[in-house]
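Pasting upload-v5.txt here (compact mmCIF, C-alpha atoms and all ligand atoms):
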# COMPACT_ATOMS: atom_id res chain seq x y z
CA MET A 273 3.76 23.19 39.75
CA LYS A 274 5.93 20.74 37.88
CA VAL A 275 3.77 19.70 34.94
CA LEU A 276 4.33 16.88 32.46
CA LEU A 277 3.13 17.78 28.95
CA THR A 278 2.79 14.71 26.77
CA GLY A 279 2.80 15.84 23.15
CA GLY A 280 4.19 19.12 24.44
CA ALA A 281 6.02 19.84 21.18
CA GLY A 282 2.76 19.85 19.22
CA TYR A 283 0.58 22.79 18.24
CA ILE A 284 -1.51 23.12 21.40
CA GLY A 285 1.14 21.64 23.71
CA SER A 286 3.81 24.16 22.71
CA HIS A 287 1.51 27.14 23.26
CA THR A 288 0.46 25.72 26.62
CA CYS A 289 4.12 25.25 27.57
CA ILE A 290 4.67 28.99 27.10
CA GLU A 291 1.59 29.98 29.12
CA LEU A 292 2.63 27.64 31.95
CA ILE A 293 6.09 29.22 32.10
CA LYS A 294 4.49 32.69 32.08
CA ALA A 295 2.34 31.64 35.04
CA GLY A 296 5.39 30.47 37.01
CA HIS A 297 5.04 26.71 36.47
CA THR A 298 7.74 24.27 35.33
CA PRO A 299 6.65 22.30 32.26
CA ILE A 300 8.50 19.17 31.12
CA ILE A 301 7.81 17.80 27.67
CA ALA A 302 7.50 14.16 26.60
CA ASP A 303 7.16 13.79 22.85
CA ASN A 304 8.11 11.21 20.20
CA PHE A 305 8.06 13.85 17.39
CA ASP A 306 5.67 11.70 15.40
CA ASN A 307 3.85 14.86 14.26
CA SER A 308 6.09 17.63 15.65
CA CYS A 309 9.68 18.91 15.48
CA PRO A 310 12.49 19.29 18.03
CA GLU A 311 12.95 22.86 16.70
CA VAL A 312 9.87 23.81 18.76
CA LEU A 313 12.03 23.58 21.89
CA ASN A 314 14.42 26.23 20.54
CA ARG A 315 11.50 28.51 19.73
CA ILE A 316 10.04 28.09 23.21
CA LYS A 317 13.42 29.06 24.65
CA GLU A 318 13.58 32.12 22.38
CA ILE A 319 10.14 33.28 23.54
CA THR A 320 10.44 32.53 27.25
CA GLY A 321 14.19 32.60 27.88
CA GLN A 322 13.83 29.18 29.49
CA GLU A 323 15.14 25.79 28.50
CA VAL A 324 12.43 23.16 28.80
CA ARG A 325 13.46 19.64 29.71
CA LEU A 326 12.58 17.11 27.03
CA TYR A 327 12.01 13.37 27.13
CA GLU A 328 11.94 11.89 23.65
CA LEU A 329 9.70 8.89 24.20
CA ASP A 330 6.44 7.24 23.28
CA VAL A 331 3.88 7.60 26.05
CA CYS A 332 2.72 4.03 25.37
CA ASP A 333 6.17 2.82 26.47
CA GLY A 334 5.50 2.11 30.14
CA GLU A 335 9.14 1.55 31.10
CA ALA A 336 10.27 4.86 29.58
CA VAL A 337 7.39 6.69 31.24
CA ASP A 338 8.21 5.03 34.57
CA ARG A 339 11.86 6.15 34.35
CA MET A 340 10.72 9.71 33.65
CA PHE A 341 8.50 9.65 36.77
CA VAL A 342 11.41 8.33 38.84
CA GLU A 343 13.47 11.34 37.78
CA ASN A 344 10.74 13.95 38.33
CA ASP A 345 8.27 14.78 41.06
CA PHE A 346 5.35 15.79 38.88
CA ASP A 347 2.40 17.64 40.36
CA ALA A 348 0.21 17.30 37.27
CA VAL A 349 0.01 15.74 33.82
CA ILE A 350 -1.53 17.37 30.75
CA HIS A 351 -2.04 14.68 28.13
CA PHE A 352 -1.96 16.16 24.61
CA ALA A 353 -0.14 13.31 22.85
CA GLY A 354 -2.27 11.42 20.36
CA LEU A 355 -3.08 10.67 16.77
CA LYS A 356 -5.60 13.20 15.50
CA ALA A 357 -6.46 12.84 11.82
CA VAL A 358 -10.13 11.97 11.38
CA GLY A 359 -9.78 10.44 7.88
CA GLU A 360 -6.72 8.40 8.79
CA SER A 361 -8.52 7.07 11.87
CA CYS A 362 -11.15 5.48 9.60
CA ALA A 363 -8.41 3.82 7.49
CA VAL A 364 -6.32 2.51 10.42
CA PRO A 365 -8.69 2.41 13.41
CA LEU A 366 -6.72 -0.15 15.41
CA ARG A 367 -3.65 2.07 15.34
CA TYR A 368 -5.77 4.91 16.73
CA TYR A 369 -7.34 2.81 19.49
CA ARG A 370 -4.01 1.21 20.44
CA ASN A 371 -2.10 4.48 20.55
CA ASN A 372 -4.67 6.88 21.98
CA LEU A 373 -6.01 4.52 24.67
CA ASP A 374 -2.75 2.82 25.65
CA SER A 375 -1.07 6.16 26.32
CA THR A 376 -3.79 7.21 28.78
CA LEU A 377 -3.80 3.83 30.54
CA THR A 378 -0.01 3.89 30.84
CA LEU A 379 -0.04 7.39 32.30
CA LEU A 380 -2.77 6.53 34.80
CA GLU A 381 -0.92 3.43 35.99
CA VAL A 382 2.39 5.22 36.41
CA MET A 383 0.71 8.24 38.04
CA LYS A 384 -0.94 5.91 40.57
CA LYS A 385 2.40 4.23 41.31
CA TYR A 386 4.10 7.56 42.03
CA GLY A 387 1.16 9.32 43.67
CA VAL A 388 0.60 11.98 40.97
CA GLN A 389 -3.01 13.07 41.28
CA ASN A 390 -3.87 15.75 38.73
CA PHE A 391 -4.73 14.88 35.11
CA VAL A 392 -5.88 17.28 32.38
CA PHE A 393 -7.01 15.67 29.14
CA SER A 394 -7.27 17.11 25.61
CA SER A 395 -10.75 16.12 24.58
CA SER A 396 -12.73 17.49 21.68
CA ALA A 397 -16.11 18.87 20.70
CA THR A 398 -16.21 15.89 18.35
CA VAL A 399 -17.55 13.81 21.29
CA TYR A 400 -20.96 15.52 20.81
CA GLY A 401 -21.32 13.67 17.49
CA VAL A 402 -24.22 15.05 15.47
CA PRO A 403 -25.75 17.44 17.98
CA GLU A 404 -29.50 17.95 18.25
CA ARG A 405 -29.02 21.65 18.95
CA VAL A 406 -26.43 24.35 19.52
CA PRO A 407 -24.85 25.84 21.57
CA LEU A 408 -23.39 22.70 23.08
CA VAL A 409 -23.59 22.25 26.83
CA GLU A 410 -21.38 19.76 28.68
CA GLY A 411 -24.30 17.58 29.80
CA MET A 412 -25.63 16.98 26.29
CA PRO A 413 -25.59 13.45 24.81
CA THR A 414 -22.33 12.19 23.34
CA GLY A 415 -21.58 9.86 20.45
CA CYS A 416 -19.00 9.83 17.69
CA THR A 417 -18.85 9.45 13.94
CA ASN A 418 -15.25 8.22 13.51
CA PRO A 419 -12.57 6.22 15.42
CA TYR A 420 -10.58 9.37 16.30
CA GLY A 421 -13.65 10.79 18.03
CA TRP A 422 -14.32 7.48 19.78
CA THR A 423 -10.80 7.48 21.21
CA LYS A 424 -11.54 10.89 22.77
CA LEU A 425 -14.84 9.69 24.22
CA MET A 426 -13.38 6.38 25.44
CA ASN A 427 -10.54 8.26 27.11
CA GLU A 428 -13.09 10.49 28.83
CA GLN A 429 -14.79 7.34 30.14
CA ILE A 430 -11.53 5.72 31.27
CA LEU A 431 -10.51 8.87 33.14
CA THR A 432 -13.96 9.32 34.70
CA ASP A 433 -13.95 5.70 35.93
CA ALA A 434 -10.38 6.00 37.24
CA SER A 435 -11.22 9.09 39.27
CA ALA A 436 -14.44 7.50 40.60
CA ALA A 437 -12.36 4.59 41.90
CA ASP A 438 -9.57 6.71 43.36
CA SER A 439 -10.65 9.46 45.71
CA GLY A 440 -7.23 11.13 45.35
CA LEU A 441 -7.41 11.57 41.59
CA SER A 442 -8.53 14.81 39.91
CA VAL A 443 -9.45 14.80 36.24
CA VAL A 444 -10.28 17.78 34.05
CA LEU A 445 -11.59 17.00 30.57
CA LEU A 446 -11.26 19.96 28.20
CA ARG A 447 -13.44 19.71 25.11
CA TYR A 448 -11.71 21.89 22.55
CA PHE A 449 -13.65 23.49 19.74
CA ASN A 450 -11.62 24.61 16.65
CA PRO A 451 -8.19 25.96 17.63
CA ILE A 452 -6.54 28.33 15.14
CA GLY A 453 -4.10 31.26 15.37
CA ALA A 454 -0.55 31.21 16.68
CA HIS A 455 1.66 32.87 19.28
CA GLU A 456 1.90 36.62 18.65
CA SER A 457 5.67 36.32 18.10
CA GLY A 458 5.08 34.26 14.93
CA ARG A 459 7.75 31.82 16.19
CA ILE A 460 5.45 28.90 17.01
CA GLY A 461 2.29 27.78 15.26
CA GLU A 462 0.51 24.91 13.56
CA ASP A 463 2.73 22.82 11.27
CA PRO A 464 0.62 20.05 9.75
CA ASN A 465 2.17 17.13 7.87
CA GLY A 466 1.30 17.09 4.16
CA ILE A 467 -1.82 18.72 2.76
CA PRO A 468 -3.84 20.16 5.66
CA ASN A 469 -7.25 18.70 6.47
CA ASN A 470 -8.33 21.66 8.58
CA LEU A 471 -9.64 24.96 7.31
CA MET A 472 -7.19 27.56 8.64
CA PRO A 473 -3.91 25.83 7.71
CA TYR A 474 -5.41 25.20 4.27
CA ILE A 475 -6.22 28.91 3.90
CA THR A 476 -2.75 30.02 5.04
CA GLN A 477 -1.08 27.62 2.61
CA VAL A 478 -3.20 28.99 -0.24
CA ALA A 479 -2.20 32.50 0.86
CA ALA A 480 1.47 31.43 0.86
CA GLY A 481 1.14 30.06 -2.69
CA LYS A 482 1.74 26.46 -1.58
CA LEU A 483 -1.78 25.39 -2.57
CA LYS A 484 -3.82 26.70 -5.50
CA GLU A 485 -7.27 27.32 -4.13
CA LEU A 486 -9.47 26.53 -1.18
CA GLY A 487 -12.36 24.13 -1.66
CA VAL A 488 -15.35 25.22 0.42
CA PHE A 489 -17.10 22.00 1.42
CA GLY A 490 -20.78 22.72 0.81
CA ASN A 491 -22.83 25.92 0.61
CA ASP A 492 -26.24 24.40 1.17
CA TYR A 493 -26.18 23.95 4.95
CA PRO A 494 -28.96 25.60 6.98
CA THR A 495 -26.61 28.39 8.17
CA HIS A 496 -26.55 32.16 7.51
CA ASP A 497 -24.58 31.79 4.25
CA GLY A 498 -24.92 28.04 3.61
CA THR A 499 -21.37 27.12 4.68
CA GLY A 500 -20.44 25.18 7.84
CA VAL A 501 -20.32 27.04 11.16
CA ARG A 502 -17.70 26.31 13.84
CA ASP A 503 -16.45 27.84 17.08
CA TYR A 504 -12.89 28.96 16.25
CA ILE A 505 -10.74 29.66 19.28
CA HIS A 506 -7.33 31.33 19.46
CA VAL A 507 -4.73 28.73 20.48
CA VAL A 508 -3.29 31.09 23.11
CA ASP A 509 -6.72 31.39 24.77
CA LEU A 510 -6.92 27.60 24.68
CA ALA A 511 -3.44 27.36 26.21
CA VAL A 512 -4.49 29.67 29.07
CA ALA A 513 -7.45 27.36 29.77
CA HIS A 514 -4.93 24.60 30.60
CA VAL A 515 -3.25 26.79 33.20
CA LYS A 516 -6.67 27.34 34.81
CA ALA A 517 -7.39 23.61 34.54
CA ILE A 518 -4.29 22.49 36.47
CA ASP A 519 -5.07 25.02 39.21
CA TYR A 520 -8.62 23.69 39.35
CA ALA A 521 -7.49 20.04 39.41
CA ALA A 522 -5.05 20.75 42.23
CA ALA A 523 -7.88 22.21 44.34
CA HIS A 524 -10.68 19.69 43.61
CA LYS A 525 -11.21 15.94 43.39
CA GLY A 526 -13.29 13.93 40.91
CA THR A 527 -13.93 14.66 37.23
CA GLU A 528 -15.08 17.89 35.59
CA ILE A 529 -15.79 18.53 31.91
CA PHE A 530 -15.44 21.96 30.28
CA ASN A 531 -16.22 23.24 26.80
CA ILE A 532 -13.33 25.40 25.65
CA GLY A 533 -14.71 27.63 22.91
CA THR A 534 -15.70 31.25 22.44
CA GLY A 535 -19.45 30.69 22.19
CA THR A 536 -19.59 32.34 18.76
CA GLY A 537 -20.00 30.42 15.52
CA TYR A 538 -18.44 31.61 12.26
CA SER A 539 -19.01 30.14 8.80
CA VAL A 540 -16.30 29.05 6.37
CA LEU A 541 -16.97 32.21 4.32
CA ASP A 542 -16.81 34.40 7.44
CA ILE A 543 -13.33 33.00 8.05
CA VAL A 544 -12.19 33.42 4.43
CA ASN A 545 -13.52 36.99 4.23
CA THR A 546 -12.05 38.06 7.58
CA PHE A 547 -8.70 36.48 6.67
CA MET A 548 -8.62 38.36 3.36
CA ARG A 549 -9.62 41.68 4.94
CA VAL A 550 -7.24 41.74 7.91
CA ASN A 551 -4.26 40.45 5.92
CA ASP A 552 -5.05 42.32 2.71
CA LEU A 553 -4.81 39.13 0.64
CA VAL A 554 -6.98 37.33 -1.89
CA ILE A 555 -7.84 33.67 -1.24
CA PRO A 556 -9.15 31.99 -4.39
CA TYR A 557 -11.87 29.49 -3.53
CA SER A 558 -14.56 27.41 -5.14
CA ILE A 559 -17.59 25.62 -3.78
CA LYS A 560 -17.18 21.84 -3.56
CA PRO A 561 -19.56 19.09 -2.40
CA ARG A 562 -20.11 18.62 1.32
CA ARG A 563 -17.34 16.67 3.08
CA PRO A 564 -18.72 13.34 4.40
CA GLY A 565 -19.17 13.38 8.18
CA ASP A 566 -19.35 17.19 8.49
CA ILE A 567 -22.16 18.80 10.44
CA ALA A 568 -23.82 22.16 9.74
CA GLU A 569 -23.13 23.92 13.02
CA CYS A 570 -20.99 23.36 16.08
CA TYR A 571 -20.35 25.97 18.76
CA ALA A 572 -19.96 25.98 22.51
CA ASP A 573 -21.82 27.27 25.46
CA PRO A 574 -18.63 28.16 27.36
CA SER A 575 -20.38 29.49 30.48
CA LYS A 576 -19.33 26.60 32.76
CA ALA A 577 -15.65 27.33 32.08
CA ALA A 578 -16.29 31.00 32.86
CA GLU A 579 -18.12 30.28 36.12
CA VAL A 580 -16.06 27.38 37.45
CA LEU A 581 -12.58 27.88 35.98
CA GLY A 582 -12.74 31.66 35.69
CA TRP A 583 -11.65 31.32 32.05
CA LYS A 584 -12.97 33.15 29.00
CA ALA A 585 -11.62 33.46 25.46
CA GLU A 586 -10.26 36.98 24.94
CA ARG A 587 -8.99 37.01 21.36
CA GLY A 588 -11.36 37.68 18.47
CA LEU A 589 -11.52 36.37 14.92
CA GLU A 590 -9.41 39.18 13.44
CA GLU A 591 -6.57 38.41 15.82
CA MET A 592 -6.87 34.70 15.02
CA CYS A 593 -6.62 35.40 11.27
CA ARG A 594 -3.74 37.85 11.71
CA ASP A 595 -1.71 35.54 13.95
CA SER A 596 -2.28 32.50 11.71
CA TRP A 597 -0.88 34.43 8.75
CA ASN A 598 1.94 35.97 10.77
CA TRP A 599 3.14 32.44 11.64
CA GLN A 600 2.70 31.00 8.12
CA SER A 601 4.18 33.96 6.27
CA HIS A 602 7.34 33.93 8.41
CA ASN A 603 7.70 30.12 8.40
CA LYS A 604 6.81 29.04 4.90
CA ASN A 605 7.81 25.43 5.55
CA GLY A 606 6.80 25.37 9.20
CA TYR A 607 9.69 24.24 11.43
CA LYS A 608 11.52 22.49 8.58
C1 LIG B 1 -13.98 23.46 9.62
C2 LIG B 1 -15.01 23.87 8.57
C3 LIG B 1 -15.36 22.21 6.89
C4 LIG B 1 -11.34 22.39 5.14
C5 LIG B 1 -12.00 18.68 12.81
C6 LIG B 1 -12.23 17.42 13.59
C7 LIG B 1 -12.22 17.72 15.05
C8 LIG B 1 -10.95 18.42 15.46
C9 LIG B 1 -10.68 19.61 14.59
C10 LIG B 1 -8.70 17.64 15.84
C11 LIG B 1 -15.97 22.75 8.17
C12 LIG B 1 -14.75 23.44 6.27
C13 LIG B 1 -12.46 22.60 5.93
C14 LIG B 1 -11.37 22.78 3.78
C15 LIG B 1 -13.61 23.59 4.09
N1 LIG B 1 -9.88 17.48 15.38
N2 LIG B 1 -13.58 23.19 5.41
N3 LIG B 1 -12.51 23.37 3.31
O1 LIG B 1 -14.20 19.46 10.82
O2 LIG B 1 -14.81 21.24 12.51
O3 LIG B 1 -13.08 19.59 13.06
O4 LIG B 1 -10.78 19.27 13.22
O5 LIG B 1 -7.76 17.30 16.15
O6 LIG B 1 -12.36 16.55 15.76
O7 LIG B 1 -13.47 16.86 13.23
O8 LIG B 1 -12.55 21.32 11.42
O9 LIG B 1 -11.04 22.77 10.14
O10 LIG B 1 -11.60 20.48 9.23
O11 LIG B 1 -13.34 22.27 9.21
O12 LIG B 1 -14.62 24.12 3.59
O13 LIG B 1 -10.40 22.60 3.00
O14 LIG B 1 -14.29 24.20 7.36
O15 LIG B 1 -16.30 21.63 6.00
O16 LIG B 1 -17.20 23.36 7.92
P1 LIG B 1 -13.79 20.38 11.90
P2 LIG B 1 -12.04 21.70 9.97

Is it possible to give me this structure as structure tokens?
Amino acid sequence: MKVLLTGGAGYIGSHTCIELIKAGHTPIIADNFDNSCPEVLNRIKEITGQEVRLYELDVCDGEAVDRMFVENDFDAVIHFAGLKAVGESCAVPLRYYRNNLDSTLTLLEVMKKYGVQNFVFSSSATVYGVPERVPLVEGMPTGCTNPYGWTKLMNEQILTDASAADSGLSVVLLRYFNPIGAHESGRIGEDPNGIPNNLMPYITQVAAGKLKELGVFGNDYPTHDGTGVRDYIHVVDLAVAHVKAIDYAAAHKGTEIFNIGTGTGYSVLDIVNTFMRVNDLVIPYSIKPRRPGDIAECYADPSKAAEVLGWKAERGLEEMCRDSWNWQSHNKNGYK
């Protein structure tokens, strides 16, 4: 299939691009490099031997998107592009709503005009808000605690309504848990702007000597060691889920939601200790107050994805920690 990847130069998009090529598909990337680098394209070519066509554009720009659809007969769209920093979304919520909702609306309108019927959306476990219990199942109540999360949930609603009104449209909503790790080659990986907000890039930058020590946000949660528990998933496993999702979308109509996690929760200290052990490194850390908005535990019940998509995470925590460090240690300044 010819697949449009919006935000295809980003962390998850670039890994998905490689898995699509491996599966025999033709990905085409649209990216404005707001939070990614053109160098990613060279790395993808190195890994796959294939040149991927790039459109440098903003997905909110309807005319540019229209021109791209005129030039390409897409079979499916995977929509990764979006602003994704939780803290920033509280400071500039209108920017988040404008950007993250407009891009989806633009894509849906242009897809309708050109008869493109398969849409896979990057949603997030954040749409479960403060869950009553874990593991999380797709039918559980939703609700968000910040504008970033609301843009994910609102996009889910927009896409669900669009597919209910258009019997030709297929929508797959993938609720990602916590993606970490990198491609085994160490040539592509996560390259956050500035000081990382997320745990694994913070750890790898401490390991690289770019940051002094890790702050562990709270050790008084009701978890096995008091630190927050999350469902970390290897980004290559997550990328493979997108390949399954476009196949599923092409064969079914309507909307389906899938949790994309491993089903296992690990604490912050589990991650730090595994990272130190497998990479033979010391990560200095100290306990800090809880981070506002954090929850104690969040992990998936991924059984629907296994049963319906035939997808299961295959890579364990040691591999995630090894691959994260392999990427960071060989690319001290990311793609720069
Ligand atoms: C994981 C755990 C922290 C940093 C967020 C968004 C979510 C999604 C992914 C994406 C928590 C602890 C972290 C640090 C720490 N967004 N931690 N010290 O919060 O589960 O999810 O990112 O685009 O929508 O909410 O991920 O990696 O920030 O935190 O102790 O320096 O690590 O408290 O328990 P989170 P995270």

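Among the candidates A:Ile350, A:Cys570, A:Val512, A:Ala295, the one nearest to Leu379 (chain A) when counting all atoms listed in the file is A:Ile350.
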
Legend entry - Exercise: region 405-413 of chain A partners within 8 Å, all atoms listed in the file, chain neighbours under 3 positions left out, as a ChimeraX atom specification: /A:400,529-531,535,569-574

Take every atom of region 556-563 of chain A listed in the file, pad by 4 Å on each side, and give me the axis-aligned box centre and edge lengths in Å, one decimal, as AutoDock Vina command-line options.
--center_x -14.6 --center_y 24.3 --center_z -1.0 --size_x 19.0 --size_y 23.3 --size_z 16.2

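The nearest approach to ligand LIG 1 (chain B) among the residues A:Val402, A:Val540, A:Ile532, A:Val515, with all atoms listed in the file taken into account, belongs to A:Val540.
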
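Closest approach to Met592 (chain A) among A:Gly359, A:Pro468, A:Pro473, A:Pro419: A:Pro473, based on all atoms listed in the file.
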
Inset, instruction - Please extract the residues at most 7 Å from ligand LIG 1 (chain B), counting all atoms listed in the file, and provide them as a PyMOL selection string, using the chain letters and residue numbers of this document. - result: chain A and resi 356-358+396-398+421+450+469-472+474+486-490+499-502+540+562-563+566+568

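Taking only C-alpha atoms into account, Ile555 (chain A) lies nearest to A:Glu485 out of the set A:Asp463, A:Asp542, A:Glu485, A:Glu318.
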
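Counting from CA of Ile316 (chain A), the distance to CA of Phe393 (chain A) is 21.9 Å.
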